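Shown below: my_file-v3.cif, with mmCIF, C-alpha atoms.
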data_data
#
loop_
_atom_site.label_atom_id
_atom_site.label_comp_id
_atom_site.auth_asym_id
_atom_site.auth_seq_id
_atom_site.Cartn_x
_atom_site.Cartn_y
_atom_site.Cartn_z
CA MET A 1 16.88 79.71 -25.42
CA SER A 2 15.78 83.15 -26.56
CA MET A 3 12.14 84.22 -26.38
CA ARG A 4 12.10 84.79 -30.15
CA LYS A 5 13.27 81.22 -30.74
CA VAL A 6 10.59 79.80 -28.41
CA GLU A 7 7.87 81.82 -30.18
CA GLU A 8 8.92 80.27 -33.52
CA MET A 9 8.52 76.74 -32.17
CA ASN A 10 5.29 74.79 -32.49
CA SER A 11 3.97 73.64 -29.15
CA VAL A 12 2.78 70.07 -28.70
CA LEU A 13 0.86 68.66 -25.75
CA ILE A 14 1.00 64.89 -25.35
CA ILE A 15 -1.58 63.34 -23.03
CA SER A 16 -0.78 59.72 -22.22
CA ARG A 17 0.05 57.38 -19.36
CA ASP A 18 2.46 55.36 -21.52
CA GLU A 19 5.80 56.77 -20.33
CA GLU A 20 7.80 54.87 -22.93
CA MET A 21 5.74 56.25 -25.81
CA ILE A 22 5.79 59.76 -24.32
CA ALA A 23 9.59 59.64 -24.29
CA VAL A 24 9.69 58.50 -27.93
CA TRP A 25 7.15 61.10 -29.09
CA GLU A 26 8.88 63.88 -27.12
CA THR A 27 12.24 63.02 -28.69
CA LEU A 28 10.83 62.87 -32.21
CA CYS A 29 8.87 66.13 -31.83
CA GLN A 30 11.83 67.95 -30.28
CA GLN A 31 13.98 66.84 -33.22
CA LYS A 32 11.44 68.67 -35.41
CA ASN A 33 11.88 71.86 -33.37
CA CYS A 34 8.70 71.53 -31.31
CA LEU A 35 8.25 72.61 -27.71
CA VAL A 36 6.79 69.50 -26.04
CA MET A 37 4.83 69.14 -22.82
CA SER A 38 3.28 65.93 -21.55
CA GLU A 39 0.55 65.15 -19.04
CA THR A 40 -0.82 61.89 -17.68
CA SER A 41 -4.31 63.01 -16.63
CA GLY A 42 -7.17 64.84 -18.26
CA ARG A 43 -7.39 67.45 -15.52
CA ASP A 44 -3.70 68.35 -15.75
CA ALA A 45 -3.92 68.30 -19.55
CA LEU A 46 -6.74 70.85 -19.51
CA GLN A 47 -4.69 73.19 -17.34
CA SER A 48 -1.64 72.80 -19.58
CA ALA A 49 -3.73 73.34 -22.71
CA GLN A 50 -5.08 76.59 -21.27
CA LEU A 51 -1.57 77.80 -20.38
CA LEU A 52 0.26 76.58 -23.48
CA SER A 53 -2.44 76.93 -26.16
CA PRO A 54 -0.69 74.15 -28.12
CA ALA A 55 -0.64 73.95 -31.88
CA LEU A 56 -1.11 70.19 -31.55
CA ILE A 57 -2.62 67.96 -28.87
CA VAL A 58 -2.10 64.20 -29.00
CA LEU A 59 -4.60 62.46 -26.73
CA ASP A 60 -3.79 58.85 -25.85
CA LEU A 61 -5.68 58.07 -22.63
CA ASP A 62 -7.50 54.81 -22.04
CA LEU A 63 -10.83 56.23 -20.89
CA PRO A 64 -14.42 55.11 -21.24
CA LYS A 65 -15.90 56.46 -24.48
CA GLN A 66 -18.09 59.17 -22.92
CA GLU A 67 -15.24 60.43 -20.71
CA ARG A 68 -12.96 60.55 -23.75
CA ILE A 69 -15.59 62.55 -25.69
CA ARG A 70 -16.07 65.01 -22.80
CA LEU A 71 -12.31 65.49 -22.50
CA CYS A 72 -12.08 66.18 -26.24
CA GLN A 73 -14.84 68.79 -25.96
CA LYS A 74 -13.10 70.50 -23.05
CA LEU A 75 -9.73 70.46 -24.81
CA ARG A 76 -11.32 71.90 -27.95
CA SER A 77 -12.79 74.74 -25.89
CA THR A 78 -9.28 75.70 -24.71
CA THR A 79 -7.45 75.83 -28.03
CA SER A 80 -7.89 76.03 -31.77
CA GLY A 81 -4.85 73.78 -32.27
CA THR A 82 -5.13 70.39 -33.90
CA LEU A 83 -6.56 67.63 -31.71
CA VAL A 84 -5.45 64.11 -32.61
CA LEU A 85 -7.10 61.25 -30.75
CA LEU A 86 -5.39 57.88 -30.43
CA ALA A 87 -7.91 55.21 -29.51
CA PRO A 88 -8.64 51.56 -30.22
CA ARG A 89 -10.83 50.67 -33.17
CA GLU A 90 -14.47 50.74 -32.19
CA GLN A 91 -17.16 48.72 -33.89
CA ASP A 92 -19.71 51.52 -33.96
CA GLY A 93 -19.12 53.92 -36.87
CA GLU A 94 -21.25 56.58 -35.17
CA ILE A 95 -18.56 56.92 -32.50
CA PHE A 96 -16.25 58.49 -35.10
CA ASP A 97 -18.92 61.14 -35.73
CA GLU A 98 -19.15 61.78 -31.99
CA TYR A 99 -15.39 62.33 -31.80
CA TYR A 100 -15.46 64.80 -34.67
CA HIS A 101 -18.44 66.64 -33.16
CA ALA A 102 -16.41 66.81 -29.94
CA GLY A 103 -13.66 68.68 -31.80
CA VAL A 104 -11.28 65.90 -32.81
CA ASP A 105 -9.45 66.71 -36.04
CA GLU A 106 -8.17 63.18 -36.59
CA HIS A 107 -8.80 59.82 -34.95
CA LEU A 108 -5.93 57.36 -35.30
CA VAL A 109 -6.42 53.72 -34.41
CA THR A 110 -4.01 52.26 -31.87
CA PRO A 111 -1.56 50.72 -31.75
CA ILE A 112 0.29 53.15 -34.03
CA SER A 113 3.99 53.35 -34.72
CA PRO A 114 5.77 56.42 -33.32
CA MET A 115 7.02 57.32 -36.80
CA ALA A 116 3.50 57.19 -38.28
CA LEU A 117 2.27 59.47 -35.50
CA LEU A 118 5.18 61.86 -36.10
CA ILE A 119 4.43 62.04 -39.83
CA LYS A 120 0.73 62.74 -39.16
CA SER A 121 1.61 65.30 -36.48
CA MET A 122 4.05 67.18 -38.68
CA ALA A 123 1.51 67.24 -41.52
CA TRP A 124 -1.06 68.82 -39.19
CA LEU A 125 1.47 71.38 -37.94
CA VAL A 126 2.48 72.34 -41.49
CA ARG A 127 -1.19 72.64 -42.47
CA GLN A 128 -1.83 74.82 -39.44
CA ASP A 129 1.21 77.02 -40.21
CA CYS A 130 -0.06 77.49 -43.78
CA MET A 131 -3.53 78.43 -42.56
CA THR A 132 -2.06 80.93 -40.08
CA ALA A 133 0.17 82.47 -42.75
CA ARG A 134 -2.78 82.71 -45.15
CA ALA A 135 -4.93 84.37 -42.47
CA LYS A 136 -2.19 86.98 -41.86
CA VAL A 137 -2.01 87.77 -45.59
CA TYR A 138 -5.77 88.37 -45.82
CA ALA A 139 -6.00 90.29 -42.53
#
Could I get this file's structure written as structure tokens?
Amino acid sequence: MSMRKVEEMNSVLIISRDEEMIAVWETLCQQKNCLVMSETSGRDALQSAQLLSPALIVLDLDLPKQERIRLCQKLRSTTSGTLVLLAPREQDGEIFDEYYHAGVDEHLVTPISPMALLIKSMAWLVRQDCMTARAKVYA
């Protein structure tokens, strides 16, 4: 694959321990011309995010709430790409505010169908491409 072609691709980082879902998400994202990388731990994900600077990060790790929030903050500090958090519904509405303050762009309640996640992901990538194009016009 040529370097020019790779530069035109959106990069997606999937962070999950669910190998079956990773395989489905990778396949769907690759079909939409995305360069996909996956990690199973927060530490490895942070390193990959720093190296890849992904346009989209999908975080689906079963972590205690405070660990999940800290990981979101660290991921946000590595990239300006979209951060989508997949997590179970929580009773406390203030938790959603904490996620957004930690840099999460969208919180999706699990379980979620792979197709629903793909649609949301592509919408975020298109939105990000439009914002980047608009920034270049005004620069």
Find the smallest box with edges along x, y and z containing every listed atom of stretch 63-76 of chain A, then add 8 Å on each side and report centre and edge lengths in Å to one decimal, as JSON.
{"center_x": -13.9, "center_y": 63.5, "center_z": -24.3, "size_x": 24.4, "size_y": 32.8, "size_z": 23.2}
Please measure the separation of atom CA of A:Leu86 and atom CA of A:Ala55, giving the value in Å to one decimal.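 Value for the atom CA of A:Leu86-atom CA of A:Ala55 distance: 16.8 Å.
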Just checking: using all atoms listed in the file, which residue out of A:Ala123, A:Leu83, A:Ala116, A:Met9 ends up closest to A:Asp60? A:Leu83
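Minimum atom-to-atom distances from A:Val84, A:Cys72, A:Leu13, A:Cys29 to A:Leu52 were compared using all atoms listed in the file, and the lowest value belongs to A:Leu13.
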Which residues come within 10 Å of A:Val58, counting all atoms listed in the file, excluding same-chain residues fewer than 4 positions away, as number ranges by chain? A: 12-16, 25, 38, 82-86, 106-107, 117, 121
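Minimum atom-to-atom distances from A:Glu39, A:Glu19, A:Glu90, A:Glu26 to A:Thr110 were compared using all atoms listed in the file, and the lowest value belongs to A:Glu90.
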Apply the PyMOL selection byres ((chain A and resi 50) around 12) to the displayed file and report the matching residues as a PyMOL selection string. chain A and resi 13+43-49+51-55+57+74-81
Go through the shown structure with the PyMOL selection byres ((chain A and resi 35) around 8) and write out the matching residues as an NGL selection string. :A and (6 or 9-12 or 29-30 or 33-34 or 36-37)
Identify which of the residues A:Ile119, A:Gln73, A:Leu56, A:Arg89 lies closest to A:Ala102, counting all atoms listed in the file when measuring atom-to-atom distances. A:Gln73
Please determine, counting all atoms listed in the file, which residue among A:Gln66, A:Leu108, A:Leu61, A:Pro114 has the shortest atom-to-atom distance to A:Glu20.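 Ranking A:Gln66, A:Leu108, A:Leu61, A:Pro114 by distance to A:Glu20, first place goes to A:Pro114.
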Have a look at A:Leu59, A:Leu28, A:Met21, A:Ile69 and name the one nearest to A:Glu98; count only C-alpha atoms.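 Answer, going by the shortest atom-to-atom distance: A:Ile69.
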Between atom CA of A:Asp18 and atom CA of A:Thr40, measure the distance and give it in Å to one decimal.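 It comes out at 8.3 Å.
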Would you work out the distance separating atom CA of A:Gly42 from atom CA of A:Leu71, expressed in Å to one decimal?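 Value for the atom CA of A:Gly42-atom CA of A:Leu71 distance: 6.7 Å.
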Reconstructed N, CA and C atoms for stretch 30-59 of chain A, given as a PDB file, in the coordinates of the input:
ATOM      1  N   GLN A  30      10.764  66.986 -30.564  1.00  0.00           N
ATOM      2  CA  GLN A  30      11.830  67.950 -30.280  1.00  0.00           C
ATOM      3  C   GLN A  30      12.836  68.008 -31.415  1.00  0.00           C
ATOM      4  N   GLN A  31      13.076  66.861 -32.067  1.00  0.00           N
ATOM      5  CA  GLN A  31      13.980  66.840 -33.220  1.00  0.00           C
ATOM      6  C   GLN A  31      13.413  67.662 -34.370  1.00  0.00           C
ATOM      7  N   LYS A  32      12.104  67.863 -34.376  1.00  0.00           N
ATOM      8  CA  LYS A  32      11.440  68.670 -35.410  1.00  0.00           C
ATOM      9  C   LYS A  32      11.177  70.089 -34.915  1.00  0.00           C
ATOM     10  N   ASN A  33      11.928  70.507 -33.898  1.00  0.00           N
ATOM     11  CA  ASN A  33      11.880  71.860 -33.370  1.00  0.00           C
ATOM     12  C   ASN A  33      10.523  72.217 -32.751  1.00  0.00           C
ATOM     13  N   CYS A  34       9.960  71.287 -32.012  1.00  0.00           N
ATOM     14  CA  CYS A  34       8.700  71.530 -31.310  1.00  0.00           C
ATOM     15  C   CYS A  34       8.961  71.625 -29.809  1.00  0.00           C
ATOM     16  N   LEU A  35       8.245  72.507 -29.161  1.00  0.00           N
ATOM     17  CA  LEU A  35       8.250  72.610 -27.710  1.00  0.00           C
ATOM     18  C   LEU A  35       7.223  71.597 -27.213  1.00  0.00           C
ATOM     19  N   VAL A  36       7.657  70.613 -26.424  1.00  0.00           N
ATOM     20  CA  VAL A  36       6.790  69.500 -26.040  1.00  0.00           C
ATOM     21  C   VAL A  36       6.514  69.510 -24.549  1.00  0.00           C
ATOM     22  N   MET A  37       5.255  69.301 -24.214  1.00  0.00           N
ATOM     23  CA  MET A  37       4.830  69.140 -22.820  1.00  0.00           C
ATOM     24  C   MET A  37       3.991  67.873 -22.770  1.00  0.00           C
ATOM     25  N   SER A  38       4.084  67.149 -21.668  1.00  0.00           N
ATOM     26  CA  SER A  38       3.280  65.930 -21.550  1.00  0.00           C
ATOM     27  C   SER A  38       2.545  65.923 -20.211  1.00  0.00           C
ATOM     28  N   GLU A  39       1.383  65.316 -20.231  1.00  0.00           N
ATOM     29  CA  GLU A  39       0.550  65.150 -19.040  1.00  0.00           C
ATOM     30  C   GLU A  39       0.003  63.735 -19.021  1.00  0.00           C
ATOM     31  N   THR A  40      -0.298  63.257 -17.814  1.00  0.00           N
ATOM     32  CA  THR A  40      -0.820  61.890 -17.680  1.00  0.00           C
ATOM     33  C   THR A  40      -2.288  61.845 -17.265  1.00  0.00           C
ATOM     34  N   SER A  41      -2.890  63.002 -17.003  1.00  0.00           N
ATOM     35  CA  SER A  41      -4.310  63.010 -16.630  1.00  0.00           C
ATOM     36  C   SER A  41      -5.049  64.089 -17.406  1.00  0.00           C
ATOM     37  N   GLY A  42      -6.346  63.876 -17.558  1.00  0.00           N
ATOM     38  CA  GLY A  42      -7.170  64.840 -18.260  1.00  0.00           C
ATOM     39  C   GLY A  42      -7.206  66.186 -17.580  1.00  0.00           C
ATOM     40  N   ARG A  43      -7.311  66.192 -16.267  1.00  0.00           N
ATOM     41  CA  ARG A  43      -7.390  67.450 -15.520  1.00  0.00           C
ATOM     42  C   ARG A  43      -6.120  68.276 -15.717  1.00  0.00           C
ATOM     43  N   ASP A  44      -4.963  67.640 -15.558  1.00  0.00           N
ATOM     44  CA  ASP A  44      -3.700  68.350 -15.750  1.00  0.00           C
ATOM     45  C   ASP A  44      -3.539  68.796 -17.209  1.00  0.00           C
ATOM     46  N   ALA A  45      -4.007  67.963 -18.131  1.00  0.00           N
ATOM     47  CA  ALA A  45      -3.920  68.300 -19.550  1.00  0.00           C
ATOM     48  C   ALA A  45      -4.738  69.544 -19.871  1.00  0.00           C
ATOM     49  N   LEU A  46      -5.915  69.666 -19.276  1.00  0.00           N
ATOM     50  CA  LEU A  46      -6.740  70.850 -19.510  1.00  0.00           C
ATOM     51  C   LEU A  46      -6.052  72.115 -19.026  1.00  0.00           C
ATOM     52  N   GLN A  47      -5.426  72.032 -17.857  1.00  0.00           N
ATOM     53  CA  GLN A  47      -4.690  73.190 -17.340  1.00  0.00           C
ATOM     54  C   GLN A  47      -3.523  73.554 -18.251  1.00  0.00           C
ATOM     55  N   SER A  48      -2.783  72.553 -18.688  1.00  0.00           N
ATOM     56  CA  SER A  48      -1.640  72.800 -19.580  1.00  0.00           C
ATOM     57  C   SER A  48      -2.101  73.355 -20.916  1.00  0.00           C
ATOM     58  N   ALA A  49      -3.208  72.850 -21.434  1.00  0.00           N
ATOM     59  CA  ALA A  49      -3.730  73.340 -22.710  1.00  0.00           C
ATOM     60  C   ALA A  49      -4.123  74.806 -22.601  1.00  0.00           C
ATOM     61  N   GLN A  50      -4.701  75.186 -21.465  1.00  0.00           N
ATOM     62  CA  GLN A  50      -5.080  76.590 -21.270  1.00  0.00           C
ATOM     63  C   GLN A  50      -3.843  77.477 -21.190  1.00  0.00           C
ATOM     64  N   LEU A  51      -2.792  77.008 -20.523  1.00  0.00           N
ATOM     65  CA  LEU A  51      -1.570  77.800 -20.380  1.00  0.00           C
ATOM     66  C   LEU A  51      -0.748  77.846 -21.657  1.00  0.00           C
ATOM     67  N   LEU A  52      -0.627  76.718 -22.337  1.00  0.00           N
ATOM     68  CA  LEU A  52       0.260  76.580 -23.480  1.00  0.00           C
ATOM     69  C   LEU A  52      -0.397  76.954 -24.804  1.00  0.00           C
ATOM     70  N   SER A  53      -1.709  76.748 -24.899  1.00  0.00           N
ATOM     71  CA  SER A  53      -2.440  76.930 -26.160  1.00  0.00           C
ATOM     72  C   SER A  53      -1.677  76.223 -27.292  1.00  0.00           C
ATOM     73  N   PRO A  54      -1.542  74.894 -27.178  1.00  0.00           N
ATOM     74  CA  PRO A  54      -0.690  74.150 -28.120  1.00  0.00           C
ATOM     75  C   PRO A  54      -1.218  74.151 -29.547  1.00  0.00           C
ATOM     76  N   ALA A  55      -0.286  74.075 -30.470  1.00  0.00           N
ATOM     77  CA  ALA A  55      -0.640  73.950 -31.880  1.00  0.00           C
ATOM     78  C   ALA A  55      -1.149  72.550 -32.183  1.00  0.00           C
ATOM     79  N   LEU A  56      -0.718  71.582 -31.356  1.00  0.00           N
ATOM     80  CA  LEU A  56      -1.110  70.190 -31.550  1.00  0.00           C
ATOM     81  C   LEU A  56      -1.284  69.515 -30.204  1.00  0.00           C
ATOM     82  N   ILE A  57      -2.388  68.781 -30.065  1.00  0.00           N
ATOM     83  CA  ILE A  57      -2.620  67.960 -28.870  1.00  0.00           C
ATOM     84  C   ILE A  57      -2.765  66.522 -29.345  1.00  0.00           C
ATOM     85  N   VAL A  58      -1.982  65.631 -28.736  1.00  0.00           N
ATOM     86  CA  VAL A  58      -2.100  64.200 -29.000  1.00  0.00           C
ATOM     87  C   VAL A  58      -2.686  63.575 -27.741  1.00  0.00           C
ATOM     88  N   LEU A  59      -3.890  63.034 -27.861  1.00  0.00           N
ATOM     89  CA  LEU A  59      -4.600  62.460 -26.730  1.00  0.00           C
ATOM     90  C   LEU A  59      -4.581  60.942 -26.834  1.00  0.00           C
TER      91      LEU A  59
END
